[in-house]
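J.: Pasting a structure below so you can have a look.
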Number of protein chains: 2
Amino acid sequence: MHRIDCLQYCNWSEKIFRQMREGGVDAVHVTIAYHEMFREMVANVEQWNGWFERHSNLIFAGRTGDDVRQARSEGRTAIFFGFQNPSPIEDDIGLVEICHMLGARFMQLTYNNQSLLATGCYESEDTGITRMGRAVIAEMNRVGLVIDMSHSAERSTLDAIEVSSRPIAITHANPSFWHPARRNKSDDVLKALGESGGKVGFSLYPPDLQDGTHCTLDSFCEMNGPPAALMGVSHIA
Amino acid sequence: MHRIDCLQYCNWSEKIFRQMREGGVDAVHVTIAYHEMFREMVANVEQWNGWFERHSNLIFAGRTGDDVRQARSEGRTAIFFGFQNPSPIEDDIGLVEICHMLGARFMQLTYNNQSLLATGCYESEDTGITRMGRAVIAEMNRVGLVIDMSHSAERSTLDAIEVSSRPIAITHANPSFWHPARRNKSDDVLKALGESGGKVGFSLYPPDLQDGTHCTLDSFCEMNGPPAALMGVSHIA
């Protein structure tokens, strides 16, 4: 078994890289763009390049599944880049492949708000995947950038599952039956995700949790049952 | 023997890719930046990504020496990206590695004029490699971006040969004894280049040629003799 953190953001430092090793974390999906445009995202890659150089005994740039296995065998943590928002591709579909060349492996089509590609979970109207969104999904499928719908609205998420020729991910969200946060996902979404071969990673972000910061470990673990029954346990990361 | 075009710029098209195959060209060092800043250079990479996708039977993105051998065995042409100017790294040393991640393998430190890094061959004063230039050379050595001094001034070129821990290239220039264009190189430069393990590629650009567009093949071939004696033939590409 490999230990993978499906989505993480923090004030990265050598101390945290050491803590990841102490915790036996083989791979982390690291957020390198929240609302950054292309050039700002590149500056974040530059910062990570410096950390890869200075802390090569602890971390390295992950690109493929084999890198997770390599990380485990070498006792290091593979860092996979992801965007919580499609802002780094701006309005230029050619940047999808450029971002992939720079190491990005996940991209959310929306972050709460409407984007050029899809509708976020906080909008009152969900118009689904846009025309550009369909083209970008095809390009992401082609180059190997995983579609992440963690912060997307219901119809957009169901659309993305259908439009994408490759399985998609919901890297950080919980079932809405357990806690009805806008970001959390309906049974319909979880079922369609599982049937399409996609995966969900559950979230420890307090607003996504039943009882917020008072959520108990028992409650969080019990939450796993119904989605496991609905999707099959292999679709829960 | 492999057939390599050490520096090329043109109005690229499928027709030219086919002509390269007809000519048995295994690899080309393609100029993807003249005076472009970072984002403009990225747009050029995007354009090449499209050509790689549409003409994968003719060309592919070259990254290493093995790719030249692969190109020959597959009957395709490996395309290596280079900059004639350091403008794509702007004033940000972190962009050296980013450009390498995007496939750049050659970068001139100057294009005729003074840059942040060194002096070009048309300046009246040649102050050699700058402070930033020394740092960028070290970074280029680290990531594997070849230093190209084709358009640089004499002292800057001799400095670069000395400062760089890896051999450098002069991808397109001729000996100045043969034709005293400002871009062409003195015996001192060619000798130091050869002794350091570097390579020179001769130029067919008319302003670099004896008698310009009237230069004869005989004259061009005879030009090769003295540098071959000075440097050793293995240092002439």
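Here, A, B, ... name the chains of the structure tokens in the order displayed, residue numbers run from 1 inside each chain, and ligands are numbered from 1 in the same displayed order.
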Which of chain B counts as strand (DSSP E or B) under DSSP, as a ChimeraX atom specification please?

T.: /B:4-8,27-33,59-61,77-83,104-108,120,146-148,152,169-170,175,185,199-200,236

J.: When the cut-off is 9 Å and we count only C-alpha atoms, which residues of chain A are near chain B, given as a PDB file with N, CA, C and O atoms, in the first residue's frame?

T.:
```
ATOM      1  N   PHE A  38      -0.725  32.562 -15.372  1.00  0.00           N
ATOM      2  CA  PHE A  38       0.370  31.699 -15.821  1.00  0.00           C
ATOM      3  C   PHE A  38       1.726  32.074 -15.217  1.00  0.00           C
ATOM      4  O   PHE A  38       2.402  31.246 -14.608  1.00  0.00           O
ATOM      5  N   ARG A  39       2.108  33.350 -15.382  1.00  0.00           N
ATOM      6  CA  ARG A  39       3.450  33.734 -14.945  1.00  0.00           C
ATOM      7  C   ARG A  39       3.636  33.600 -13.437  1.00  0.00           C
ATOM      8  O   ARG A  39       4.735  33.287 -12.965  1.00  0.00           O
ATOM      9  N   VAL A  42       4.229  29.999 -12.731  1.00  0.00           N
ATOM     10  CA  VAL A  42       5.623  29.654 -13.069  1.00  0.00           C
ATOM     11  C   VAL A  42       6.559  30.032 -11.918  1.00  0.00           C
ATOM     12  O   VAL A  42       7.477  29.274 -11.574  1.00  0.00           O
ATOM     13  N   ALA A  43       6.315  31.173 -11.303  1.00  0.00           N
ATOM     14  CA  ALA A  43       7.157  31.580 -10.157  1.00  0.00           C
ATOM     15  C   ALA A  43       7.052  30.549  -9.028  1.00  0.00           C
ATOM     16  O   ALA A  43       8.043  30.269  -8.334  1.00  0.00           O
ATOM     17  N   VAL A  45       6.517  27.318  -9.498  1.00  0.00           N
ATOM     18  CA  VAL A  45       7.329  26.167  -9.942  1.00  0.00           C
ATOM     19  C   VAL A  45       8.809  26.457  -9.682  1.00  0.00           C
ATOM     20  O   VAL A  45       9.555  25.577  -9.223  1.00  0.00           O
ATOM     21  N   GLU A  46       9.228  27.691  -9.945  1.00  0.00           N
ATOM     22  CA  GLU A  46      10.625  28.066  -9.676  1.00  0.00           C
ATOM     23  C   GLU A  46      10.976  27.838  -8.205  1.00  0.00           C
ATOM     24  O   GLU A  46      12.045  27.325  -7.876  1.00  0.00           O
ATOM     25  N   GLN A  47      10.037  28.232  -7.315  1.00  0.00           N
ATOM     26  CA  GLN A  47      10.277  28.047  -5.878  1.00  0.00           C
ATOM     27  C   GLN A  47      10.430  26.554  -5.551  1.00  0.00           C
ATOM     28  O   GLN A  47      11.336  26.161  -4.816  1.00  0.00           O
ATOM     29  N   ASN A  49      11.375  24.224  -7.647  1.00  0.00           N
ATOM     30  CA  ASN A  49      12.646  23.750  -8.211  1.00  0.00           C
ATOM     31  C   ASN A  49      13.788  23.966  -7.222  1.00  0.00           C
ATOM     32  O   ASN A  49      14.672  23.121  -7.090  1.00  0.00           O
ATOM     33  N   GLY A  50      13.754  25.100  -6.524  1.00  0.00           N
ATOM     34  CA  GLY A  50      14.766  25.373  -5.499  1.00  0.00           C
ATOM     35  C   GLY A  50      14.695  24.356  -4.365  1.00  0.00           C
ATOM     36  O   GLY A  50      15.720  23.838  -3.900  1.00  0.00           O
ATOM     37  N   GLY A  94      -3.304  26.466 -25.527  1.00  0.00           N
ATOM     38  CA  GLY A  94      -1.929  25.967 -25.680  1.00  0.00           C
ATOM     39  C   GLY A  94      -1.191  25.870 -24.358  1.00  0.00           C
ATOM     40  O   GLY A  94      -0.224  25.116 -24.223  1.00  0.00           O
ATOM     41  N   LEU A  95      -1.640  26.633 -23.367  1.00  0.00           N
ATOM     42  CA  LEU A  95      -0.977  26.584 -22.054  1.00  0.00           C
ATOM     43  C   LEU A  95      -1.273  25.287 -21.299  1.00  0.00           C
ATOM     44  O   LEU A  95      -0.568  24.959 -20.341  1.00  0.00           O
ATOM     45  N   GLU A  97      -0.800  22.211 -22.396  1.00  0.00           N
ATOM     46  CA  GLU A  97       0.375  21.353 -22.585  1.00  0.00           C
ATOM     47  C   GLU A  97       1.622  21.970 -21.929  1.00  0.00           C
ATOM     48  O   GLU A  97       2.447  21.252 -21.362  1.00  0.00           O
ATOM     49  N   ILE A  98       1.742  23.303 -22.003  1.00  0.00           N
ATOM     50  CA  ILE A  98       2.890  23.968 -21.356  1.00  0.00           C
ATOM     51  C   ILE A  98       2.879  23.671 -19.846  1.00  0.00           C
ATOM     52  O   ILE A  98       3.916  23.335 -19.264  1.00  0.00           O
ATOM     53  N   MET A 101       4.059  20.262 -19.273  1.00  0.00           N
ATOM     54  CA  MET A 101       5.523  20.196 -19.422  1.00  0.00           C
ATOM     55  C   MET A 101       6.223  20.695 -18.165  1.00  0.00           C
ATOM     56  O   MET A 101       7.339  20.266 -17.854  1.00  0.00           O
ATOM     57  N   LEU A 102       5.589  21.629 -17.462  1.00  0.00           N
ATOM     58  CA  LEU A 102       6.180  22.165 -16.226  1.00  0.00           C
ATOM     59  C   LEU A 102       5.834  21.301 -15.014  1.00  0.00           C
ATOM     60  O   LEU A 102       6.181  21.641 -13.891  1.00  0.00           O
ATOM     61  N   GLY A 103       5.135  20.193 -15.239  1.00  0.00           N
ATOM     62  CA  GLY A 103       4.922  19.234 -14.160  1.00  0.00           C
ATOM     63  C   GLY A 103       3.514  19.177 -13.610  1.00  0.00           C
ATOM     64  O   GLY A 103       3.247  18.343 -12.740  1.00  0.00           O
TER      65      GLY A 103
END
```

J.: Report, in Å with one decimal, the straight-line distance from atom CA of His29 of chain B to atom CA of Ser87 of chain B.

T.: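 Rounded to one decimal, the two atoms are 17.9 Å apart.
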
J.: Which one is closest to Cys121 of chain B: B:His151, B:His35, B:Arg54, B:Arg142? Count only C-alpha atoms.

T.: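 Comparing B:His151, B:His35, B:Arg54, B:Arg142 against Cys121 of chain B, the winner is B:His151.
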
J.: If you measure from atom CA of Pro206 of chain A to atom CA of Pro227 of chain A, what distance in Å do you get, rounded to one decimal?

T.: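 Interatomic distance here is 19.6 Å.
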
J.: Give me the residues of segment 158-222 of chain B that have any atom at most 12 Å from an atom of segment 70-84 of chain B; for each, the nearest atom pair and the distance in Å, rounded to one decimal. Use only C-alpha atoms, sort by chain and number, and format it as CSV.

T.:
```
residue,atom,partner,partner_atom,distance
B:Ala169,CA,B:Gly82,CA,11.8
B:Ile170,CA,B:Gln84,CA,11.1
B:Thr171,CA,B:Gln84,CA,10.0
B:His172,CA,B:Gln84,CA,10.5
```

J.: Would you write out those residues with N, CA and C atoms, as a short mmCIF file (atom, residue, chain, number, x, y, z; two decimals), in the first residue's frame?

T.:
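And here is the file that came out, out-v5.cif:
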```
data_model
loop_
_atom_site.label_atom_id
_atom_site.label_comp_id
_atom_site.auth_asym_id
_atom_site.auth_seq_id
_atom_site.Cartn_x
_atom_site.Cartn_y
_atom_site.Cartn_z
N ALA B 169 29.38 26.42 -26.82
CA ALA B 169 29.26 26.30 -28.27
C ALA B 169 29.25 27.68 -28.93
N ILE B 170 29.77 27.71 -30.14
CA ILE B 170 29.53 28.84 -31.04
C ILE B 170 28.82 28.20 -32.23
N THR B 171 27.50 28.29 -32.22
CA THR B 171 26.72 27.46 -33.15
C THR B 171 26.75 27.97 -34.58
N HIS B 172 27.02 29.28 -34.76
CA HIS B 172 26.99 29.82 -36.13
C HIS B 172 27.85 31.07 -36.23
#
```

J.: Excluding same-chain residues fewer than 3 positions from Met132 of chain B, what lies within 12 Å of it counting only C-alpha atoms, as a short mmCIF file (atom, residue, chain, number, x, y, z; two decimals) with all heavy atoms, in the first residue's frame?

T.:
```cif
data_model
loop_
_atom_site.label_atom_id
_atom_site.label_comp_id
_atom_site.auth_asym_id
_atom_site.auth_seq_id
_atom_site.Cartn_x
_atom_site.Cartn_y
_atom_site.Cartn_z
N PRO B 86 19.30 36.10 -24.34
CA PRO B 86 18.78 35.61 -23.05
C PRO B 86 17.47 36.29 -22.64
O PRO B 86 17.05 36.13 -21.50
CB PRO B 86 19.92 35.95 -22.09
CG PRO B 86 20.57 37.14 -22.68
CD PRO B 86 20.44 37.02 -24.18
N ILE B 89 14.74 34.72 -20.26
CA ILE B 89 14.86 34.58 -18.79
C ILE B 89 14.66 35.92 -18.09
O ILE B 89 14.73 36.00 -16.86
CB ILE B 89 16.18 33.91 -18.35
CG1 ILE B 89 17.38 34.80 -18.63
CG2 ILE B 89 16.34 32.53 -18.98
CD1 ILE B 89 18.65 34.38 -17.87
N GLU B 90 14.43 36.98 -18.87
CA GLU B 90 14.15 38.31 -18.31
C GLU B 90 15.21 38.63 -17.25
O GLU B 90 16.40 38.47 -17.53
CB GLU B 90 12.70 38.35 -17.81
CG GLU B 90 11.74 38.06 -18.98
CD GLU B 90 10.27 38.02 -18.62
OE1 GLU B 90 9.92 38.16 -17.44
OE2 GLU B 90 9.46 37.84 -19.56
N ASP B 91 14.78 39.03 -16.06
CA ASP B 91 15.79 39.27 -15.02
C ASP B 91 15.63 38.28 -13.87
O ASP B 91 15.86 38.60 -12.72
CB ASP B 91 15.71 40.71 -14.50
CG ASP B 91 14.36 41.00 -13.87
OD1 ASP B 91 13.45 40.14 -13.99
OD2 ASP B 91 14.19 42.06 -13.27
N ASP B 92 15.23 37.05 -14.20
CA ASP B 92 14.84 36.05 -13.21
C ASP B 92 15.62 34.76 -13.45
O ASP B 92 15.30 33.99 -14.35
CB ASP B 92 13.34 35.80 -13.34
CG ASP B 92 12.81 34.76 -12.38
OD1 ASP B 92 13.62 34.21 -11.60
OD2 ASP B 92 11.60 34.50 -12.42
N ILE B 93 16.62 34.51 -12.62
CA ILE B 93 17.48 33.34 -12.83
C ILE B 93 16.70 32.03 -12.72
O ILE B 93 17.09 31.02 -13.32
CB ILE B 93 18.69 33.38 -11.86
CG1 ILE B 93 19.79 32.43 -12.33
CG2 ILE B 93 18.27 33.11 -10.44
CD1 ILE B 93 21.11 32.62 -11.60
N LEU B 109 24.23 34.24 -24.73
CA LEU B 109 24.26 35.21 -23.62
C LEU B 109 24.03 36.63 -24.11
O LEU B 109 23.70 37.51 -23.30
CB LEU B 109 25.58 35.11 -22.86
CG LEU B 109 25.93 33.75 -22.23
CD1 LEU B 109 27.11 33.92 -21.26
CD2 LEU B 109 24.75 33.13 -21.50
N SER B 115 23.72 42.69 -23.01
CA SER B 115 22.58 42.10 -22.30
C SER B 115 22.85 42.21 -20.80
O SER B 115 23.86 42.79 -20.39
CB SER B 115 22.41 40.63 -22.69
OG SER B 115 23.42 39.85 -22.07
N LEU B 116 21.98 41.64 -20.00
CA LEU B 116 22.23 41.61 -18.55
C LEU B 116 23.41 40.70 -18.22
O LEU B 116 23.93 40.75 -17.12
CB LEU B 116 20.97 41.11 -17.81
CG LEU B 116 19.71 41.96 -17.96
CD1 LEU B 116 18.57 41.36 -17.15
CD2 LEU B 116 19.96 43.40 -17.52
N LEU B 117 23.83 39.88 -19.18
CA LEU B 117 24.79 38.82 -18.91
C LEU B 117 26.18 39.04 -19.51
O LEU B 117 27.18 38.59 -18.95
CB LEU B 117 24.25 37.48 -19.44
CG LEU B 117 22.80 37.14 -19.06
CD1 LEU B 117 22.41 35.79 -19.66
CD2 LEU B 117 22.59 37.14 -17.56
N ALA B 118 26.23 39.69 -20.68
CA ALA B 118 27.50 39.79 -21.40
C ALA B 118 27.38 40.85 -22.49
O ALA B 118 26.32 41.47 -22.65
CB ALA B 118 27.86 38.43 -22.01
N GLY B 128 32.94 42.16 -20.78
CA GLY B 128 33.00 40.76 -20.35
C GLY B 128 31.72 40.30 -19.68
O GLY B 128 30.68 40.95 -19.75
N ILE B 129 31.81 39.15 -19.00
CA ILE B 129 30.64 38.56 -18.34
C ILE B 129 30.29 39.38 -17.10
O ILE B 129 31.16 39.70 -16.29
CB ILE B 129 30.93 37.10 -17.94
CG1 ILE B 129 31.32 36.25 -19.17
CG2 ILE B 129 29.74 36.49 -17.21
CD1 ILE B 129 30.25 36.06 -20.20
N ALA B 135 26.41 34.12 -12.54
CA ALA B 135 25.41 33.31 -11.83
C ALA B 135 24.58 32.50 -12.84
O ALA B 135 24.28 31.32 -12.61
CB ALA B 135 24.51 34.20 -10.98
N VAL B 136 24.24 33.13 -13.96
CA VAL B 136 23.42 32.43 -14.96
C VAL B 136 24.23 31.32 -15.63
O VAL B 136 23.70 30.23 -15.89
CB VAL B 136 22.86 33.43 -16.00
CG1 VAL B 136 22.29 32.71 -17.21
CG2 VAL B 136 21.77 34.30 -15.35
N ILE B 137 25.52 31.55 -15.88
CA ILE B 137 26.35 30.48 -16.45
C ILE B 137 26.38 29.27 -15.51
O ILE B 137 26.23 28.12 -15.94
CB ILE B 137 27.78 31.00 -16.73
CG1 ILE B 137 27.77 31.91 -17.96
CG2 ILE B 137 28.76 29.84 -16.92
CD1 ILE B 137 29.11 32.60 -18.24
N ALA B 138 26.54 29.53 -14.20
CA ALA B 138 26.55 28.42 -13.24
C ALA B 138 25.22 27.67 -13.26
O ALA B 138 25.18 26.44 -13.21
CB ALA B 138 26.84 28.95 -11.83
N GLU B 139 24.13 28.42 -13.37
CA GLU B 139 22.81 27.79 -13.40
C GLU B 139 22.60 27.02 -14.70
O GLU B 139 22.05 25.90 -14.70
CB GLU B 139 21.72 28.87 -13.23
CG GLU B 139 20.28 28.37 -13.25
CD GLU B 139 19.88 27.51 -12.06
OE1 GLU B 139 20.74 27.16 -11.23
OE2 GLU B 139 18.68 27.17 -11.97
#
```

J.: Quick one: everything within 10 Å of Arg183 of chain A, counting only C-alpha atoms, minus sequence neighbours fewer than 5 positions away in the same chain. Send it as a count of residues only.

T.: 18
